[in-house]
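Student: Submitted below is the structure of interest, expressed as structure tokens.
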Amino acid sequence: MLQIDHLHTFYGRVPILKDVNMTISQGEVVALLGANGAGKTTLLRVLSGLVPIASGRVLFEGEPLDSVKPYLRIGQGIAHAPEGRQVFGTLTVEENLRLGGYRRHDGELAADLAAVYGLFPVLEEMRRRTARDLSGGQQQMLAIGRAMMGRPRLLLLDEPSLGLAPLMIAQIFAVIGSLRERGVTILVVEQNAAAALAIADRGYVLETGRVMHSGSGKALLGDQAVRAAYLGI
Ligand SMILES: Nc1ncnc2c1ncn2[C@@H]1O[C@H](COP(=O)(O)OP(=O)(O)OP(=O)(O)O)[C@@H](O)[C@H]1O
Ligand SMILES: [Mg+2]
């Protein structure tokens, strides 16, 4: 579904991603791990069209991504729940969700809204509240729900568990599992490496912009170097 070959990116003149190669198959959950500043968010931003590709290529369902404008990307099937959630604080929960589906013209928005409320019942309870009144965990649910309203085939999640209490983290990972069951392919950036690898089919570890380790979730969990660097065990 997604194929990244020899990807290089820069911020100004500073190289960030260096010869990144990655593949994601339909229906997989893939974890992207790495220390602060490794380039994880940058990679998701490339996939959303927010960071230009300096060289290399990115194919999504066989088509090169660089030709697609960021605001059209959702129509192509990629949605991004960004780092820090970025919900619209002054809009209501439901308005935020409807914005996630703003490019759609089919008659199924109401059904999808109901599906998001099924995944996150608390959002339905709070649907008329402004998003800034939600807790951090609720805002994360809203960011994921908003991304789902675009009916993505590939969902990009940037640090969905960051700053959340353990119970909320468990809930977010459970939702990732149920999205996978619905056939959504997921690329999830996580600091919470053990939890991410436990649910991921495969993972990649970035170090200063390069892929240093990759493999099945199980293999990475068992890899001594990965364990020492990212799991602290
Ligand atoms: N807009 C920007 N302009 C210039 N440099 C940037 C910009 N955004 C990020 N960087 C730099 O690019 C590098 C990679 O950043 P990125 O945000 O992709 O890392 P990350 O792996 O997501 O880190 P974190 O875990 O802290 O979120 C860092 O060195 C960062 O300082
Ligand atoms: Mg980041």
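By convention in this document, the chains of the structure tokens carry letters A, B, ... by their order, each chain's residues are numbered from 1, and ligands are numbered from 1 in the order they are shown.
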Would you kindly return, as a PyMOL selection string, each protein, DNA or RNA residue with an atom no farther than 6 Å from any atom of stretch 202-211 of chain A, considering only C-alpha atoms and excluding same-chain residues fewer than 6 positions away?

Tutor: chain A and resi 16-18+20+30-34+38-39+217

Student: So which residues are near ligand 2, meaning at most 7 Å away with only C-alpha atoms and all ligand atoms counted, given back as an MDAnalysis selection string?

Tutor: chainID A and resid 36:37 39:41 83 158

Student: Given only C-alpha atoms as the basis, pick out the residue of A:Ile199, A:Ala81, A:Leu2, A:Met22 nearest to A:Ala170.

Tutor: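 Looking at the shortest contact to A:Ala170, the residue is A:Ile199.
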
Student: Using only C-alpha atoms and all ligand atoms, pick whichever of A:Tyr117, A:Phe60, A:Phe88, A:Tyr11 has the shortest atom-to-atom distance to ligand 1.

Tutor: A:Tyr11

Student: Record the distance separating atom CA of A:Gly62 and atom 10 (N, counted along the ligand's line) of ligand 1, expressed in Å with one decimal.

Tutor: 28.7 Å

Student: Using only C-alpha atoms, which residues sit within 9 Å of A:Arg182 once same-chain residues fewer than 4 positions away are excluded, as a CSV table (one decimal) with N, CA and C atoms, in the first residue's frame?

Tutor:
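The result, written out as part.csv:
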```csv
chain,number,residue,atom,x,y,z
A,27,GLY,N,-3.7,-3.3,5.6
A,27,GLY,CA,-4.2,-3.9,6.8
A,27,GLY,C,-3.2,-4.0,7.9
A,177,GLY,N,-6.5,-1.2,17.9
A,177,GLY,CA,-6.8,-2.6,17.5
A,177,GLY,C,-8.2,-2.7,16.8
A,178,SER,N,-9.2,-2.0,17.3
A,178,SER,CA,-10.5,-2.1,16.6
A,178,SER,C,-10.5,-1.5,15.2
```

Student: Find the residues around A:Pro52 up to 12 Å (only C-alpha atoms counted), leave out those fewer than 5 positions away in its own chain, and share them as a list in words.

Tutor: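 Near neighbours after the sequence-gap exclusion: Leu7, His8, Thr9, Phe10, Tyr11, Gly12, Ile16, Leu17, Thr42, Leu43, Leu44, Arg45, Val46, Leu47, Arg57, Val58, Leu65, Asp66, Ser67, Val68, Lys69 and Pro70 of chain A.
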
Student: If you run DSSP on this backbone, which residues of stretch 19-217 of chain A come out as strand (DSSP E), and could you give them as a VMD selection string?

Tutor: chain A and resid 20 to 24 29 to 34 55 to 60 63 to 64 78 to 81 154 to 158 185 to 189 202 to 207 210 to 216

Student: Report the residues of stretch 106-222 of chain A whose backbone DSSP state falls under alpha helix (DSSP H), written as a PyMOL selection string.

Tutor: chain A and resi 109-119+121-125+136-148+166-181+193-199+217-222

Student: Rank nothing, just name the residue among A:Gly84, A:Gly137, A:Gly150, A:Gly77 nearest to ligand 1, using only C-alpha atoms and all ligand atoms.

Tutor: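 Closest to ligand 1, using only C-alpha atoms and all ligand atoms: A:Gly84.
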
Student: Can you tell me, as a compact mmCIF listing (two decimals) with all heavy atoms, in the first residue's frame, what residues are no more than 12 Å from A:Ala114 when counting only C-alpha atoms, ignoring any on the same chain fewer than 6 positions away?

Tutor:
```
# COMPACT_ATOMS: atom_id res chain seq x y z
N GLU A 94 -18.52 18.03 17.78
CA GLU A 94 -19.12 17.55 16.53
C GLU A 94 -18.65 18.36 15.32
O GLU A 94 -18.44 17.80 14.24
CB GLU A 94 -20.64 17.57 16.63
CG GLU A 94 -21.28 16.86 15.45
CD GLU A 94 -22.61 16.22 15.79
OE1 GLU A 94 -22.70 15.53 16.82
OE2 GLU A 94 -23.55 16.44 15.01
N LEU A 97 -15.38 17.00 14.29
CA LEU A 97 -15.53 15.72 13.57
C LEU A 97 -16.01 15.97 12.15
O LEU A 97 -15.50 15.37 11.20
CB LEU A 97 -16.50 14.80 14.32
CG LEU A 97 -15.96 14.27 15.65
CD1 LEU A 97 -17.04 13.49 16.39
CD2 LEU A 97 -14.73 13.39 15.45
N ARG A 98 -16.99 16.87 12.01
CA ARG A 98 -17.51 17.13 10.66
C ARG A 98 -16.42 17.71 9.76
O ARG A 98 -16.38 17.43 8.56
CB ARG A 98 -18.70 18.08 10.73
CG ARG A 98 -19.94 17.39 11.25
CD ARG A 98 -21.17 18.27 11.17
NE ARG A 98 -22.33 17.58 11.71
CZ ARG A 98 -23.01 16.66 11.06
NH1 ARG A 98 -22.68 16.33 9.83
NH2 ARG A 98 -24.03 16.06 11.64
N GLU A 108 -22.96 9.35 3.61
CA GLU A 108 -22.73 8.47 4.75
C GLU A 108 -22.02 9.15 5.92
O GLU A 108 -21.53 8.49 6.83
CB GLU A 108 -21.94 7.25 4.30
CG GLU A 108 -22.77 6.40 3.36
CD GLU A 108 -22.01 5.22 2.82
OE1 GLU A 108 -21.10 4.73 3.50
OE2 GLU A 108 -22.32 4.80 1.70
N PHE A 120 -15.89 6.01 20.52
CA PHE A 120 -15.58 6.93 21.63
C PHE A 120 -16.88 7.51 22.20
O PHE A 120 -17.23 8.67 21.91
CB PHE A 120 -14.72 8.09 21.14
CG PHE A 120 -13.41 7.70 20.50
CD1 PHE A 120 -13.19 7.94 19.15
CD2 PHE A 120 -12.40 7.14 21.24
CE1 PHE A 120 -11.98 7.61 18.56
CE2 PHE A 120 -11.18 6.80 20.65
CZ PHE A 120 -10.97 7.04 19.31
N PRO A 121 -17.59 6.73 23.02
CA PRO A 121 -18.88 7.20 23.53
C PRO A 121 -18.78 8.55 24.25
O PRO A 121 -19.71 9.35 24.20
CB PRO A 121 -19.29 6.09 24.50
CG PRO A 121 -18.58 4.88 24.01
CD PRO A 121 -17.28 5.36 23.44
N LEU A 123 -17.22 11.10 23.43
CA LEU A 123 -17.31 12.22 22.48
C LEU A 123 -18.78 12.52 22.17
O LEU A 123 -19.15 13.68 21.95
CB LEU A 123 -16.56 11.91 21.18
CG LEU A 123 -15.04 11.78 21.30
CD1 LEU A 123 -14.44 11.57 19.91
CD2 LEU A 123 -14.42 13.02 21.96
N GLU A 124 -19.60 11.50 22.16
CA GLU A 124 -21.03 11.75 21.91
C GLU A 124 -21.64 12.50 23.09
O GLU A 124 -22.38 13.47 22.90
CB GLU A 124 -21.78 10.43 21.68
CG GLU A 124 -23.24 10.69 21.34
CD GLU A 124 -23.91 9.51 20.68
OE1 GLU A 124 -23.50 8.36 20.93
OE2 GLU A 124 -24.86 9.74 19.91
N ARG A 127 -20.66 16.12 22.66
CA ARG A 127 -20.64 16.58 21.27
C ARG A 127 -20.91 18.07 21.09
O ARG A 127 -20.43 18.67 20.14
CB ARG A 127 -21.61 15.77 20.41
CG ARG A 127 -23.03 15.72 20.96
CD ARG A 127 -23.77 14.58 20.29
NE ARG A 127 -24.33 15.03 19.05
CZ ARG A 127 -25.59 15.40 18.88
NH1 ARG A 127 -26.43 15.34 19.91
NH2 ARG A 127 -26.01 15.82 17.73
N GLY A 145 -10.78 10.52 15.93
CA GLY A 145 -12.12 10.48 15.33
C GLY A 145 -12.21 11.41 14.12
O GLY A 145 -12.76 11.05 13.08
N MET A 148 -10.61 9.82 11.25
CA MET A 148 -11.42 8.72 10.72
C MET A 148 -12.58 9.21 9.87
O MET A 148 -13.06 8.49 9.00
CB MET A 148 -11.96 7.85 11.87
CG MET A 148 -10.91 6.98 12.53
SD MET A 148 -9.99 5.98 11.37
CE MET A 148 -11.32 4.97 10.67
N MET A 149 -13.03 10.44 10.13
CA MET A 149 -14.16 10.99 9.36
C MET A 149 -13.81 11.18 7.88
O MET A 149 -14.70 11.35 7.05
CB MET A 149 -14.63 12.30 9.97
CG MET A 149 -15.36 12.15 11.28
SD MET A 149 -16.87 11.18 11.16
CE MET A 149 -17.89 12.29 10.18
```

Student: Give me, please, the distance in Å between atom 2 (C, counted along the ligand's line) of ligand 1 and atom CA of A:Gln3, quoted to one decimal.

Tutor: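 Computing the Euclidean distance for atom 2 (C, counted along the ligand's line) of ligand 1 and atom CA of A:Gln3 yields 24.2 Å.
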
Student: How many Å separate atom 27 (O, counted along the ligand's line) of ligand 1 from atom CA of A:Gly136?

Tutor: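 Atom-to-atom, atom 27 (O, counted along the ligand's line) of ligand 1 and atom CA of A:Gly136 are spaced 16.8 Å apart.
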
Student: Quick one: of A:Met141, A:Ala198, A:Leu187, A:Val29, who's nearest to A:Val175, counting only C-alpha atoms?

Tutor: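 Counting only C-alpha atoms, the residue closest to A:Val175 is A:Met141.
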